[in-house]
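Student: Sharing a structure, written as structure tokens. Questions coming.
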Amino acid sequence: MRTSRSARRTLFAPFMTAVSAAWLLTGCGSGPDGPAGSAGAGAGAGSGAAPATDVVSGIRKDAGAAALLPAGTGRLTVAVSVGGTPPGTTYLADGKTLTGQDVDFTQAVGKALGIELTAEQASFEAILPALDSGKYDFGASNFGVTDERRRTIDFVTYINDGQGFAVRDDSKLSKVTDLRQLCGLNVATGAGTTFEATLEENRHVCTDAGKKAYSVQTYSEQGALWSALQQGRSDIVMSTINGLRYAVAHQSGVKFLNEYHRLDVGFAFKKGSKLAPAFQAAVNRLIADGTYDEILKKWGTTGSAITRSQISPPELRE
């Protein structure tokens, strides 16, 4: 995910009419934030064309879900982080249009609730702390639901993803079931993520076992992360299961190793937000009418389907 920089914003007023399945952020195409930058071109991680199927514009407002919104709610600000690798948020070839699974789910919920959305682009690690200040009404960037995060953030779940590993084809590593298998290795991951937290919290397992600790290498750019792996500066990548599967399918020389820990993923809100019940109802409406399945099929993530949205469920322990 990206490092700190000034946010970019745009108003998505057409949620009450037909809209395309991608967001438009005007003026975002040139420079390092567009496909020509490191996030879009790094190590071939973004070389697969993102699907552009419209699965959102036909959604109608759901009166029951909309009635759960706080009185007077007509427009909300959502924070998004551009990761550069589908199914996460990325750019289409025009360099301006945002697309991705989180984009589709956010648009779909906005349509179901009949509200307008203003999107602000922010670094992944900056979004959750900013919710408490009221800078954003909610965040939509594949946020895993953990017990630690639930202390200060409310979540409305919409998929089940989690943590996994990928390596180069020549790696001798097999399935990682214990972080002690990483001792002495360079592990690349995203800054401010659950992966970084998991690795840092458990770094002691190596020294406790009398082994050299693994090194945690954090990157705010997904392109830089994959370049580090491809060029041998990193030995293994820890990231989202869906993101890893997509990335290795669209670049040579790397392979998905295994799932490590499943996590629910949800929209993120300030603790105690009165928006959560309406968003939960909207997600459940999308599940019931089949739109939910269409979004997952578009992004090849049907293995991450949930049967019912929840508000801040306990962290999965499987």
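Residue numbers start at 1 in each chain; chains themselves are named A, B, ... in the order of the structure tokens; ligands are numbered from 1 in the order shown.
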Need the shell around Thr146 (chain A): protein/DNA/RNA residues with any atom at most 8 Å away, counting only C-alpha atoms. Skip same-chain ones fewer than 3 positions apart. Format as a ChimeraX atom specification?

Tutor: /A:149-150,263,314-316

Student: The selected residues should be written to file as a PDB file, in the first residue's frame (atoms: C-alpha atoms).

Tutor:
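Result went into result_23.pdb, see below:
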ATOM      1  CA  ARG A 149      -8.529  -3.882  15.716  1.00  0.00           C
ATOM      2  CA  ARG A 150     -12.005  -4.499  17.153  1.00  0.00           C
ATOM      3  CA  LEU A 263      -9.708 -13.723   8.451  1.00  0.00           C
ATOM      4  CA  PRO A 314     -14.526 -12.281  16.915  1.00  0.00           C
ATOM      5  CA  GLU A 315     -11.307 -12.974  15.042  1.00  0.00           C
ATOM      6  CA  LEU A 316     -11.297 -16.324  13.308  1.00  0.00           C
TER       7      LEU A 316
END

Student: Which residues, written as an NGL selection string, have at least one atom at most 10 Å from region 238-248 of chain A, with only C-alpha atoms counted and residues fewer than 2 positions away on the same chain left out?

Tutor: :A and (43-48 or 83 or 85-88 or 142 or 144 or 160-168 or 187-190 or 193-196 or 198-199 or 216 or 222 or 225-226 or 236 or 250-263 or 299-304)

Student: From a backbone DSSP assignment, name each residue in region 72-226 of chain A labelled strand (DSSP E or B), as a PyMOL selection string.

Tutor: chain A and resi 75-80+90-91+97-99+116-121+138-144+153-168+186-190+215-219

Student: When you look at Ala122 (chain A) with a cut-off of 7 Å (counting only C-alpha atoms), what residues show up, excluding the ones that are within fewer than 2 positions of it in the same chain? I need them as a list in words.

Tutor: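 Listed by chain and then number, they are Ala7, Ala79, Val80, Ser81, Glu120, Phe124, Ala126 and Ile127 of chain A.
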
Student: For the residues selected in the previous step, produce a file with N, CA and C atoms as a JSON list (two decimals), in the first residue's frame.

Tutor:
[["chain", "number", "residue", "atom", "x", "y", "z"],
["A", 7, "ALA", "N", -4.27, 13.36, -0.17],
["A", 7, "ALA", "CA", -5.36, 12.52, -0.64],
["A", 7, "ALA", "C", -5.96, 13.09, -1.91],
["A", 79, "ALA", "N", -12.58, 6.05, 2.51],
["A", 79, "ALA", "CA", -11.13, 6.05, 2.26],
["A", 79, "ALA", "C", -10.75, 4.74, 1.58],
["A", 80, "VAL", "N", -9.98, 4.83, 0.51],
["A", 80, "VAL", "CA", -9.51, 3.66, -0.22],
["A", 80, "VAL", "C", -8.01, 3.74, -0.41],
["A", 81, "SER", "N", -7.38, 2.59, -0.48],
["A", 81, "SER", "CA", -5.95, 2.52, -0.72],
["A", 81, "SER", "C", -5.70, 1.74, -2.00],
["A", 120, "GLU", "N", -11.75, 9.18, -1.04],
["A", 120, "GLU", "CA", -10.44, 9.80, -0.80],
["A", 120, "GLU", "C", -9.39, 8.70, -0.79],
["A", 124, "PHE", "N", -2.75, 2.78, 3.14],
["A", 124, "PHE", "CA", -3.44, 1.75, 3.90],
["A", 124, "PHE", "C", -3.28, 1.96, 5.39],
["A", 126, "ALA", "N", -2.79, 4.53, 7.08],
["A", 126, "ALA", "CA", -3.32, 5.77, 7.63],
["A", 126, "ALA", "C", -4.84, 5.74, 7.82],
["A", 127, "ILE", "N", -5.52, 4.81, 7.17],
["A", 127, "ILE", "CA", -6.98, 4.86, 7.14],
["A", 127, "ILE", "C", -7.62, 4.58, 8.49]]

Student: With a distance cut-off of 12 Å and only C-alpha atoms, select the neighbouring residues of Ile311 (chain A), excluding the residue or stretch itself and same-chain residues fewer than 3 positions from it, and output the selection as a ChimeraX atom specification.

Tutor: /A:145,150,153-158,264-269,271-281,283-284,308,314-315

Student: Can you tell me which residues surround Lys211 (chain A) at a distance of at most 12 Å, considering only C-alpha atoms, apart from same-chain residues fewer than 5 positions away, and format the answer as a tab-separated table (two decimals) with N, CA and C atoms, in the first residue's frame?

Tutor:
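Contents of selection.tsv, freshly written:
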chain	number	residue	atom	x	y	z
A	179	LEU	N	5.62	-20.34	12.03
A	179	LEU	CA	6.50	-19.23	11.65
A	179	LEU	C	7.96	-19.53	11.92
A	180	ARG	N	8.26	-20.57	12.68
A	180	ARG	CA	9.66	-20.97	12.88
A	180	ARG	C	10.27	-21.48	11.59
A	181	GLN	N	9.45	-21.84	10.63
A	181	GLN	CA	9.96	-22.23	9.31
A	181	GLN	C	10.57	-21.05	8.57
A	182	LEU	N	10.28	-19.83	9.04
A	182	LEU	CA	10.79	-18.62	8.39
A	182	LEU	C	12.09	-18.13	9.01
A	183	CYS	N	12.56	-18.77	10.06
A	183	CYS	CA	13.75	-18.30	10.77
A	183	CYS	C	14.93	-18.12	9.81
A	184	GLY	N	15.59	-16.96	9.92
A	184	GLY	CA	16.74	-16.66	9.09
A	184	GLY	C	16.40	-16.13	7.71
A	185	LEU	N	15.12	-16.03	7.37
A	185	LEU	CA	14.71	-15.60	6.03
A	185	LEU	C	14.30	-14.12	6.03
A	203	ARG	N	8.08	-12.68	16.14
A	203	ARG	CA	9.50	-12.77	15.77
A	203	ARG	C	10.31	-13.55	16.81
A	204	HIS	N	9.87	-13.50	18.06
A	204	HIS	CA	10.61	-14.15	19.15
A	204	HIS	C	10.64	-15.67	19.03
A	205	VAL	N	9.74	-16.26	18.23
A	205	VAL	CA	9.68	-17.73	18.17
A	205	VAL	C	11.00	-18.32	17.68
A	206	CYS	N	11.70	-17.56	16.86
A	206	CYS	CA	12.98	-18.05	16.33
A	206	CYS	C	14.08	-17.99	17.40

Student: Can you work out the spacing between CA of Ala112 (chain A) and CA of Lys61 (chain A) in Å, to one decimal?

Tutor: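 Taking CA of Ala112 (chain A) as the start and CA of Lys61 (chain A) as the end point, the length is 4.3 Å.
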
Student: Residues of region 46-263 of chain A in alpha helix (DSSP H) according to DSSP, as a PyMOL selection string?

Tutor: chain A and resi 63-66+101-113+124-131+147-150+194-201+204-208+222-230+241-249

Student: I'd like the interatomic distance between CA of Lys111 (chain A) and CA of Gly58 (chain A), to a tenth of an Å.

Tutor: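 Here the two named atoms are 8.9 Å from each other.
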